[in-house]
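Student: Supplied structure: data.json, JSON, C-alpha atoms and all ligand atoms.
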```
[["chain", "number", "residue", "atom", "x", "y", "z"],
["A", 1, "MET", "CA", -96.46, 169.00, 105.70],
["A", 2, "ALA", "CA", -93.70, 168.37, 103.20],
["A", 3, "LYS", "CA", -90.88, 166.03, 104.05],
["A", 4, "ILE", "CA", -87.57, 167.54, 103.03],
["A", 5, "LYS", "CA", -84.07, 166.21, 103.46],
["A", 6, "PHE", "CA", -81.11, 168.51, 102.98],
["A", 7, "ILE", "CA", -77.72, 166.93, 102.46],
["A", 8, "PHE", "CA", -74.47, 168.80, 102.00],
["A", 9, "GLU", "CA", -71.57, 168.41, 99.61],
["A", 10, "ASP", "CA", -69.42, 169.65, 102.51],
["A", 11, "ASN", "CA", -69.72, 166.47, 104.52],
["A", 12, "SER", "CA", -68.70, 168.18, 107.75],
["A", 13, "ILE", "CA", -72.31, 169.48, 107.84],
["A", 14, "PRO", "CA", -74.85, 166.93, 109.13],
["A", 15, "GLU", "CA", -77.97, 166.29, 107.04],
["A", 16, "VAL", "CA", -81.18, 168.09, 108.01],
["A", 17, "ASN", "CA", -84.54, 166.26, 107.92],
["A", 18, "VAL", "CA", -87.69, 168.30, 108.37],
["A", 19, "ASN", "CA", -91.46, 168.09, 108.10],
["A", 20, "ILE", "CA", -92.39, 171.62, 107.24],
["A", 21, "GLU", "CA", -95.21, 173.80, 105.85],
["A", 22, "ALA", "CA", -93.77, 174.26, 102.39],
["A", 23, "LEU", "CA", -96.66, 174.86, 99.99],
["A", 24, "ASP", "CA", -95.96, 177.77, 97.62],
["A", 25, "LYS", "CA", -92.57, 178.44, 99.17],
["A", 26, "SER", "CA", -89.28, 178.10, 97.33],
["A", 27, "LEU", "CA", -86.51, 175.84, 98.53],
["A", 28, "LEU", "CA", -84.45, 179.00, 99.02],
["A", 29, "GLU", "CA", -87.09, 180.41, 101.41],
["A", 30, "LEU", "CA", -87.06, 177.12, 103.29],
["A", 31, "THR", "CA", -83.28, 177.21, 103.70],
["A", 32, "GLU", "CA", -83.64, 180.67, 105.18],
["A", 33, "GLU", "CA", -86.34, 179.53, 107.61],
["A", 34, "LEU", "CA", -84.15, 176.64, 108.66],
["A", 35, "ASP", "CA", -80.97, 178.70, 108.86],
["A", 36, "ILE", "CA", -79.22, 176.61, 106.22],
["A", 37, "HIS", "CA", -76.47, 178.54, 104.45],
["A", 38, "LEU", "CA", -77.27, 178.95, 100.75],
["A", 39, "ASN", "CA", -76.02, 181.97, 98.84],
["A", 40, "HIS", "CA", -78.50, 184.02, 96.81],
["A", 41, "ASN", "CA", -76.77, 187.01, 95.26],
["A", 42, "CYS", "CA", -79.70, 188.25, 93.16],
["A", 43, "GLY", "CA", -82.20, 187.99, 96.00],
["A", 44, "GLY", "CA", -84.13, 185.11, 94.46],
["A", 45, "VAL", "CA", -85.21, 186.49, 91.09],
["A", 46, "CYS", "CA", -83.49, 184.01, 88.74],
["A", 47, "ALA", "CA", -80.70, 186.39, 87.80],
["A", 48, "CYS", "CA", -77.60, 184.61, 89.15],
["A", 49, "SER", "CA", -76.62, 181.02, 89.84],
["A", 50, "THR", "CA", -75.48, 181.20, 93.45],
["A", 51, "CYS", "CA", -78.55, 179.38, 94.80],
["A", 52, "HIS", "CA", -77.68, 176.30, 92.72],
["A", 53, "VAL", "CA", -78.71, 172.98, 94.30],
["A", 54, "TYR", "CA", -79.14, 169.36, 93.21],
["A", 55, "ILE", "CA", -82.57, 167.72, 93.50],
["A", 56, "HIS", "CA", -81.92, 164.03, 94.17],
["A", 57, "GLN", "CA", -85.57, 163.20, 94.76],
["A", 58, "GLY", "CA", -88.95, 164.85, 94.34],
["A", 59, "ASP", "CA", -88.42, 167.10, 91.33],
["A", 60, "GLN", "CA", -92.01, 166.30, 90.31],
["A", 61, "TYR", "CA", -93.28, 168.25, 93.35],
["A", 62, "LEU", "CA", -91.54, 171.43, 92.22],
["A", 63, "GLU", "CA", -92.47, 174.11, 89.72],
["A", 64, "ALA", "CA", -91.05, 173.17, 86.31],
["A", 65, "ILE", "CA", -87.73, 174.56, 85.17],
["A", 66, "SER", "CA", -87.84, 177.57, 82.83],
["A", 67, "ASP", "CA", -85.51, 178.41, 79.93],
["A", 68, "LYS", "CA", -84.13, 181.33, 81.92],
["A", 69, "GLU", "CA", -83.35, 179.07, 84.87],
["A", 70, "GLU", "CA", -81.57, 176.61, 82.54],
["A", 71, "ASP", "CA", -79.42, 179.44, 81.18],
["A", 72, "PHE", "CA", -78.29, 180.43, 84.66],
["A", 73, "ILE", "CA", -77.69, 176.81, 85.69],
["A", 74, "ASP", "CA", -75.21, 176.58, 82.81],
["A", 75, "ARG", "CA", -73.15, 179.25, 84.60],
["A", 76, "ALA", "CA", -73.16, 177.46, 87.97],
["A", 77, "ILE", "CA", -70.20, 175.48, 89.29],
["A", 78, "ASN", "CA", -70.48, 171.83, 88.23],
["A", 79, "PRO", "CA", -74.00, 171.74, 86.78],
["A", 80, "LYS", "CA", -75.61, 168.29, 86.47],
["A", 81, "LEU", "CA", -78.87, 166.85, 85.17],
["A", 82, "GLU", "CA", -80.46, 167.25, 88.61],
["A", 83, "SER", "CA", -79.39, 170.89, 88.98],
["A", 84, "ARG", "CA", -81.96, 173.55, 89.87],
["A", 85, "LEU", "CA", -81.90, 177.07, 91.27],
["A", 86, "ALA", "CA", -83.41, 176.91, 94.75],
["A", 87, "CYS", "CA", -85.20, 180.27, 94.41],
["A", 88, "GLN", "CA", -87.17, 178.88, 91.44],
["A", 89, "CYS", "CA", -88.11, 175.58, 93.10],
["A", 90, "ILE", "CA", -91.58, 176.40, 94.41],
["A", 91, "VAL", "CA", -93.11, 173.47, 96.30],
["A", 92, "LEU", "CA", -96.44, 172.62, 94.63],
["A", 93, "GLU", "CA", -97.75, 169.88, 96.92],
["A", 94, "GLU", "CA", -98.08, 169.84, 100.66],
["A", 95, "SER", "CA", -97.32, 166.10, 100.65],
["A", 96, "ALA", "CA", -94.04, 166.54, 98.76],
["A", 97, "GLU", "CA", -91.03, 164.39, 99.60],
["A", 98, "ILE", "CA", -87.85, 166.03, 98.41],
["A", 99, "GLU", "CA", -84.13, 165.43, 98.83],
["A", 100, "VAL", "CA", -81.86, 168.39, 98.09],
["A", 101, "GLU", "CA", -78.08, 168.56, 98.04],
["A", 102, "ILE", "CA", -76.50, 171.91, 98.85],
["A", 103, "PRO", "CA", -73.17, 172.45, 97.04],
["A", 104, "ASP", "CA", -70.15, 173.47, 99.10],
["A", 105, "GLN", "CA", -70.82, 177.17, 99.74],
["A", 106, "LYS", "CA", -67.14, 177.88, 100.40],
["A", 107, "ARG", "CA", -66.55, 177.58, 96.65],
["A", 108, "ILE", "CA", -69.17, 180.22, 95.84],
["A", 109, "ILE", "CA", -68.65, 183.93, 96.26],
["A", 110, "GLY", "CA", -71.94, 185.18, 97.51],
["A", 111, "HIS", "CA", -74.15, 186.74, 100.07],
["A", 112, "GLU", "CA", -76.07, 184.71, 102.58],
["A", 113, "HIS", "CA", -79.15, 185.76, 104.46],
["B", 1, "LIG", "S1", -80.81, 183.70, 94.10],
["B", 1, "LIG", "FE1", -80.15, 184.32, 92.16],
["B", 1, "LIG", "S2", -80.97, 182.83, 90.88],
["B", 1, "LIG", "FE2", -81.63, 182.18, 92.81]]
```
Here is a file; write its structure as C-alpha cells.
Tutor:
Amino acid sequence: MAKIKFIFEDNSIPEVNVNIEALDKSLLELTEELDIHLNHNCGGVCACSTCHVYIHQGDQYLEAISDKEEDFIDRAINPKLESRLACQCIVLEESAEIEVEIPDQKRIIGHEH
C-alpha cells in the first residue's frame, strides 16, 4: 500500500491521508478514486496542463518527467520546481510515500470527473 497525503492550496479543503493500492496508477486516477477534484481537460494524455500538481515529497517513487510534460507544465498557472502533471505521475513502488498539493481548482477552467 502506498501512503499518500493530499493537501490543498484552497485551505478550506481538509487534507486527505490514505493508504491505497497505487502501483501502476497515476495520481490523477487516484484523485478520481478518492473523489478529489482535479481538472483533466485532455483526459489524461499529457496534452493540457489542467491536472497540474506540486509534489512536495516522494517524486522518486513516480515515473520520471518527460520533455512533453515539461512543455505543458510551462503553460500551467504558477509552475514551480516541484510541478508535475498528475496524469503522468505513475506510482512505481507499492511502498511509496508521497505528498501532493492540489492547486486551487477555482482558478482553472476545466472539466472534472
Ligand atoms: S489531464 Fe491533460 S495533461 Fe493531464
Student: Give the residues close to ligand LIG 1 (chain B), within 9 Å, counting all atoms listed in the file; write them as a VMD selection string.
Tutor: chain A and resid 28 38 to 52 69 72 to 73 85 to 88
Student: Using only C-alpha atoms, which residue out of A:Glu15, A:Ala22, A:Gly110, A:Ile90 lies closest to Lys3 of chain A?
Tutor: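 Ranking A:Glu15, A:Ala22, A:Gly110, A:Ile90 by distance to Lys3 of chain A, first place goes to A:Ala22.
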Student: Quick one, how far is atom CA of Val18 of chain A from atom CA of Pro103 of chain A?
Tutor: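 Between atom CA of Val18 of chain A and atom CA of Pro103 of chain A the gap is 18.9 Å.
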Student: Give me the residues within 9 Å of Ile55 of chain A as a count of residues only, counting only C-alpha atoms and dropping any in the same chain fewer than 5 places off.
Tutor: 7
Student: Atom CA of Ile77 of chain A and atom CA of Leu62 of chain A, how far apart in Å?
Tutor: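 Straight-line distance from atom CA of Leu62 of chain A to atom CA of Ile77 of chain A works out to 21.9 Å.
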Student: Would you kindly return, as an mmCIF file with C-alpha atoms, keeping the file's coordinate frame, each protein, DNA or RNA residue with an atom no farther than 10 Å from any atom of Ala2 of chain A, considering all atoms listed in the file and excluding same-chain residues fewer than 6 positions away?
Tutor:
```cif
data_model
loop_
_atom_site.group_PDB
_atom_site.id
_atom_site.type_symbol
_atom_site.label_atom_id
_atom_site.label_comp_id
_atom_site.auth_asym_id
_atom_site.auth_seq_id
_atom_site.Cartn_x
_atom_site.Cartn_y
_atom_site.Cartn_z
ATOM 1 C CA VAL A 18 -87.690 168.300 108.370
ATOM 2 C CA ASN A 19 -91.460 168.090 108.100
ATOM 3 C CA ILE A 20 -92.390 171.620 107.240
ATOM 4 C CA GLU A 21 -95.210 173.800 105.850
ATOM 5 C CA ALA A 22 -93.770 174.260 102.390
ATOM 6 C CA LEU A 23 -96.660 174.860 99.990
ATOM 7 C CA TYR A 61 -93.280 168.250 93.350
ATOM 8 C CA VAL A 91 -93.110 173.470 96.300
ATOM 9 C CA LEU A 92 -96.440 172.620 94.630
ATOM 10 C CA GLU A 93 -97.750 169.880 96.920
ATOM 11 C CA GLU A 94 -98.080 169.840 100.660
ATOM 12 C CA SER A 95 -97.320 166.100 100.650
ATOM 13 C CA ALA A 96 -94.040 166.540 98.760
ATOM 14 C CA GLU A 97 -91.030 164.390 99.600
ATOM 15 C CA ILE A 98 -87.850 166.030 98.410
#
```
Student: To one decimal in Å, tell me the separation between atom CA of Tyr54 of chain A and atom CA of Ile102 of chain A.
Tutor: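 Atom CA of Ile102 of chain A lies at a distance of 6.7 Å from atom CA of Tyr54 of chain A.
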Student: For Phe8 of chain A, which residue out of A:Lys80, A:Lys25, A:His56, A:Lys68 is the nearest one, using only C-alpha atoms?
Tutor: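 Of A:Lys80, A:Lys25, A:His56, A:Lys68, the one nearest Phe8 of chain A is A:His56, counting only C-alpha atoms.
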Student: Using only C-alpha atoms for the distances, tell me which of A:Ile4, A:Glu29, A:Cys89, A:Asp35 is nearest to Ser66 of chain A.
Tutor: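 Using only C-alpha atoms, Ser66 of chain A sits closest to A:Cys89.
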